[in-house]
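Novice: My structure is below; once you've seen it, I'll send some questions.
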Amino acid sequence: QVQLVESGGGLVQAGGSLRLSCAASRIVFGILSMGWYRQAPGKQRELVATITRGGSTNYADSVKGRFTISRDNAKNTVYLQMNSLKPEDTAVYSCTWVTTGSNYWGQGTQVTVSS
C-alpha cells in the first residue's frame, strides 16, 4: 500500500511563500499524473495544479503565476512552490497521484495565510 505524506504547510503572512512536499512511502509505478488540490472551510475541493508523466503542467486560474508544481522522480516526491500568498489561499492542501492501477491521496496539510 502506498502512502502519500504532505509536509510544508503552516501559517504565513500575505505575500509570503511556502513550499509543500508530497512524498510516497515507496516507489510508485505507472504514474500518469500528480496533483495538488485544496479545500477551504465551507467550500468544495478544487484543483490547484497538476503535472503529467510527460512533465506538462496545469494550474487553476487563481494561482497561475504564483504557484509552481514540480517533481523529483528519484525522491518519489512532488512539490508545490507557493509565492505571493493571499488570504484566499487558506485551505487544506492535499496531493494525489494517479496511476494506471490506483489513485492515491495524502492526508492533507493546512496552509493559513494571514492578512
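Naming scheme: A, B, ... for chains in displayed order of the C-alpha cells; residues 1 onward per chain; ligands 1 onward as shown.
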Within 10 Å of Arg45 (chain A), counting only C-alpha atoms, which residues qualify if same-chain residues fewer than 4 places away don't, as a PyMOL selection string?

Specialist: chain A and resi 37-41+91-94

Novice: Taking 2 positions as the minimum chain separation for residues in the same chain, which residues sit within 12 Å of Val5 (chain A) when counting only C-alpha atoms? Answer as a list in words.

Specialist: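 Listing them by chain and then by number gives Val2, Gln3, Ser7, Gly8, Gly9, Leu20, Ser21, Cys22, Ala23, Ala24, Ser25, Arg26, Asn76, Thr77, Val78, Tyr79, Tyr93, Ser94, Cys95, Thr96, Trp97, Tyr104, Trp105, Gly106, Gln107, Gly108 and Thr109 of chain A.
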
Novice: Any chance you could export the current selection's N, CA and C atoms as an mmCIF file, in the first residue's frame?

Specialist:
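As a result, result-v1.cif now contains:
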data_model
loop_
_atom_site.group_PDB
_atom_site.id
_atom_site.type_symbol
_atom_site.label_atom_id
_atom_site.label_comp_id
_atom_site.auth_asym_id
_atom_site.auth_seq_id
_atom_site.Cartn_x
_atom_site.Cartn_y
_atom_site.Cartn_z
ATOM 1 N N VAL A 2 0.596 2.144 -0.887
ATOM 2 C CA VAL A 2 1.362 3.380 -0.990
ATOM 3 C C VAL A 2 0.732 4.439 -0.095
ATOM 4 N N GLN A 3 1.559 5.116 0.646
ATOM 5 C CA GLN A 3 1.105 6.260 1.437
ATOM 6 C C GLN A 3 1.767 7.526 0.924
ATOM 7 N N SER A 7 3.911 17.675 3.578
ATOM 8 C CA SER A 7 4.561 18.496 4.601
ATOM 9 C C SER A 7 4.794 19.881 4.038
ATOM 10 N N GLY A 8 5.131 20.800 4.929
ATOM 11 C CA GLY A 8 5.463 22.143 4.488
ATOM 12 C C GLY A 8 4.381 23.176 4.723
ATOM 13 N N GLY A 9 3.226 22.745 5.179
ATOM 14 C CA GLY A 9 2.176 23.712 5.459
ATOM 15 C C GLY A 9 2.479 24.527 6.705
ATOM 16 N N LEU A 20 5.263 23.188 -0.375
ATOM 17 C CA LEU A 20 4.679 21.926 0.067
ATOM 18 C C LEU A 20 5.392 20.762 -0.605
ATOM 19 N N SER A 21 5.508 19.673 0.133
ATOM 20 C CA SER A 21 6.087 18.447 -0.408
ATOM 21 C C SER A 21 5.115 17.305 -0.216
ATOM 22 N N CYS A 22 5.155 16.370 -1.132
ATOM 23 C CA CYS A 22 4.312 15.180 -1.049
ATOM 24 C C CYS A 22 5.196 13.999 -1.427
ATOM 25 N N ALA A 23 5.508 13.191 -0.438
ATOM 26 C CA ALA A 23 6.416 12.074 -0.649
ATOM 27 C C ALA A 23 5.684 10.742 -0.547
ATOM 28 N N ALA A 24 6.050 9.834 -1.416
ATOM 29 C CA ALA A 24 5.458 8.495 -1.393
ATOM 30 C C ALA A 24 6.291 7.576 -0.506
ATOM 31 N N SER A 25 5.618 6.618 0.111
ATOM 32 C CA SER A 25 6.286 5.704 1.039
ATOM 33 C C SER A 25 7.160 4.685 0.320
ATOM 34 N N ARG A 26 6.943 4.526 -0.965
ATOM 35 C CA ARG A 26 7.761 3.613 -1.752
ATOM 36 C C ARG A 26 7.688 4.037 -3.209
ATOM 37 N N ASN A 76 10.761 10.314 -5.289
ATOM 38 C CA ASN A 76 9.328 9.994 -5.215
ATOM 39 C C ASN A 76 8.543 11.118 -4.559
ATOM 40 N N THR A 77 8.823 12.334 -4.988
ATOM 41 C CA THR A 77 8.237 13.493 -4.326
ATOM 42 C C THR A 77 7.737 14.497 -5.355
ATOM 43 N N VAL A 78 6.611 15.103 -5.048
ATOM 44 C CA VAL A 78 6.093 16.207 -5.846
ATOM 45 C C VAL A 78 6.005 17.426 -4.937
ATOM 46 N N TYR A 79 6.272 18.591 -5.503
ATOM 47 C CA TYR A 79 6.332 19.825 -4.733
ATOM 48 C C TYR A 79 5.311 20.837 -5.251
ATOM 49 N N TYR A 93 -4.417 21.557 1.902
ATOM 50 C CA TYR A 93 -3.869 21.153 0.613
ATOM 51 C C TYR A 93 -3.548 19.659 0.644
ATOM 52 N N SER A 94 -4.033 18.952 -0.366
ATOM 53 C CA SER A 94 -3.816 17.517 -0.444
ATOM 54 C C SER A 94 -3.205 17.164 -1.789
ATOM 55 N N CYS A 95 -2.338 16.177 -1.775
ATOM 56 C CA CYS A 95 -1.749 15.735 -3.034
ATOM 57 C C CYS A 95 -2.413 14.429 -3.472
ATOM 58 N N THR A 96 -2.366 14.195 -4.747
ATOM 59 C CA THR A 96 -2.904 12.970 -5.302
ATOM 60 C C THR A 96 -2.029 12.496 -6.437
ATOM 61 N N TRP A 97 -1.834 11.192 -6.502
ATOM 62 C CA TRP A 97 -1.092 10.593 -7.596
ATOM 63 C C TRP A 97 -2.037 9.663 -8.334
ATOM 64 N N TYR A 104 -3.989 7.609 -5.446
ATOM 65 C CA TYR A 104 -3.558 7.752 -4.062
ATOM 66 C C TYR A 104 -3.731 9.187 -3.606
ATOM 67 N N TRP A 105 -4.085 9.334 -2.333
ATOM 68 C CA TRP A 105 -4.284 10.655 -1.735
ATOM 69 C C TRP A 105 -3.502 10.761 -0.436
ATOM 70 N N GLY A 106 -2.984 11.952 -0.199
ATOM 71 C CA GLY A 106 -2.376 12.237 1.083
ATOM 72 C C GLY A 106 -3.414 12.697 2.080
ATOM 73 N N GLN A 107 -2.977 12.892 3.309
ATOM 74 C CA GLN A 107 -3.912 13.251 4.378
ATOM 75 C C GLN A 107 -4.191 14.751 4.429
ATOM 76 N N GLY A 108 -3.364 15.524 3.764
ATOM 77 C CA GLY A 108 -3.568 16.965 3.715
ATOM 78 C C GLY A 108 -2.684 17.715 4.686
ATOM 79 N N THR A 109 -2.383 18.945 4.328
ATOM 80 C CA THR A 109 -1.612 19.828 5.191
ATOM 81 C C THR A 109 -2.258 21.213 5.177
#

Novice: Would you kindly return, as a list in words, each protein, DNA or RNA residue with an atom no farther than 6 Å from any atom of Gln81 (chain A), considering only C-alpha atoms and excluding same-chain residues fewer than 3 positions away?

Specialist: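 Residues near the query, excluding close chain neighbours: Arg19, Phe67 and Thr68 of chain A.
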
Novice: The selected residues should be written to file as a compact mmCIF listing (two decimals), in the first residue's frame (atoms: N, CA, C and O atoms).

Specialist:
# COMPACT_ATOMS: atom_id res chain seq x y z
N ARG A 19 6.54 26.11 0.63
CA ARG A 19 6.79 25.01 -0.29
C ARG A 19 6.23 23.73 0.30
O ARG A 19 6.71 23.28 1.35
N PHE A 67 2.04 29.99 -8.20
CA PHE A 67 2.37 28.64 -7.74
C PHE A 67 3.10 27.88 -8.85
O PHE A 67 2.83 28.07 -10.03
N THR A 68 3.99 26.98 -8.42
CA THR A 68 4.71 26.13 -9.37
C THR A 68 4.74 24.70 -8.84
O THR A 68 5.17 24.47 -7.71

Novice: Write out as a list in words each polymer residue whose atoms come within 10 Å of Asp89 (chain A), counting only C-alpha atoms; drop sequence neighbours fewer than 6 positions from it.

Specialist: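 Counting only the stated atoms, we get Ala14, Arg38, Gln39, Ala40, Ser62, Val63, Met82, Val111, Thr112, Val113 and Ser114 of chain A.
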
Novice: Convert the current residue selection to file output with C-alpha atoms, as a tab-separated table (two decimals), in the first residue's frame.

Specialist:
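Everything below was put into part11.tsv:
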chain	number	residue	atom	x	y	z
A	14	ALA	CA	0.10	37.58	2.96
A	38	ARG	CA	-7.21	22.32	-1.78
A	39	GLN	CA	-10.33	22.69	0.26
A	40	ALA	CA	-11.25	25.75	2.26
A	62	SER	CA	-6.40	31.70	-9.32
A	63	VAL	CA	-2.83	30.51	-8.78
A	82	MET	CA	3.58	28.88	-3.45
A	111	VAL	CA	-1.98	26.35	4.87
A	112	THR	CA	-3.12	29.52	6.59
A	113	VAL	CA	-2.40	32.95	5.14
A	114	SER	CA	-2.97	35.91	7.42

Novice: Have a look at A:Gln13, A:Gly65, A:Thr50, A:Arg71 and name the one nearest to Glu88 (chain A); count only C-alpha atoms.

Specialist: A:Gln13

Novice: Pick the closest to Thr52 (chain A) from A:Ser17, A:Phe29, A:Lys86, A:Val98: which is it, counting only C-alpha atoms?

Specialist: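 Distance minimum relative to Thr52 (chain A) lands on A:Val98.
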
Novice: Residues at most 12 Å from Gly55 (chain A), counting only C-alpha atoms, excluding those fewer than 6 positions away in the same chain, as a list in words?

Specialist: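 Neighbouring residues, sequence-local ones excluded: Ile31, Leu32, Ser33, Met34, Gly35, Ile69, Ser70, Arg71, Asp72, Asn73 and Val78 of chain A.
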
Novice: Take CA of Trp36 (chain A) and CA of Gly54 (chain A) and report the distance between them in Å, one decimal.

Specialist: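 Computing the Euclidean distance for CA of Trp36 (chain A) and CA of Gly54 (chain A) yields 16.9 Å.
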
Novice: Once DSSP has gone over the backbone, tell me which residues of region 17-113 of chain A are in helix (DSSP H, G or I), as a PyMOL selection string.

Specialist: chain A and resi 73-75+87-89

Novice: Check the smallest atom-to-atom distance from each of A:Lys64, A:Gly101, A:Gln44, A:Leu4 to Asn83 (chain A) using only C-alpha atoms, then report the winner.

Specialist: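 Looking at the shortest contact to Asn83 (chain A), the residue is A:Lys64.
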
Novice: For Gln1 (chain A), which residue among A:Thr90, A:Ser84, A:Ser102, A:Thr57 is the nearest when counting only C-alpha atoms?

Specialist: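 Smallest separation from Gln1 (chain A) among the options: A:Ser102.
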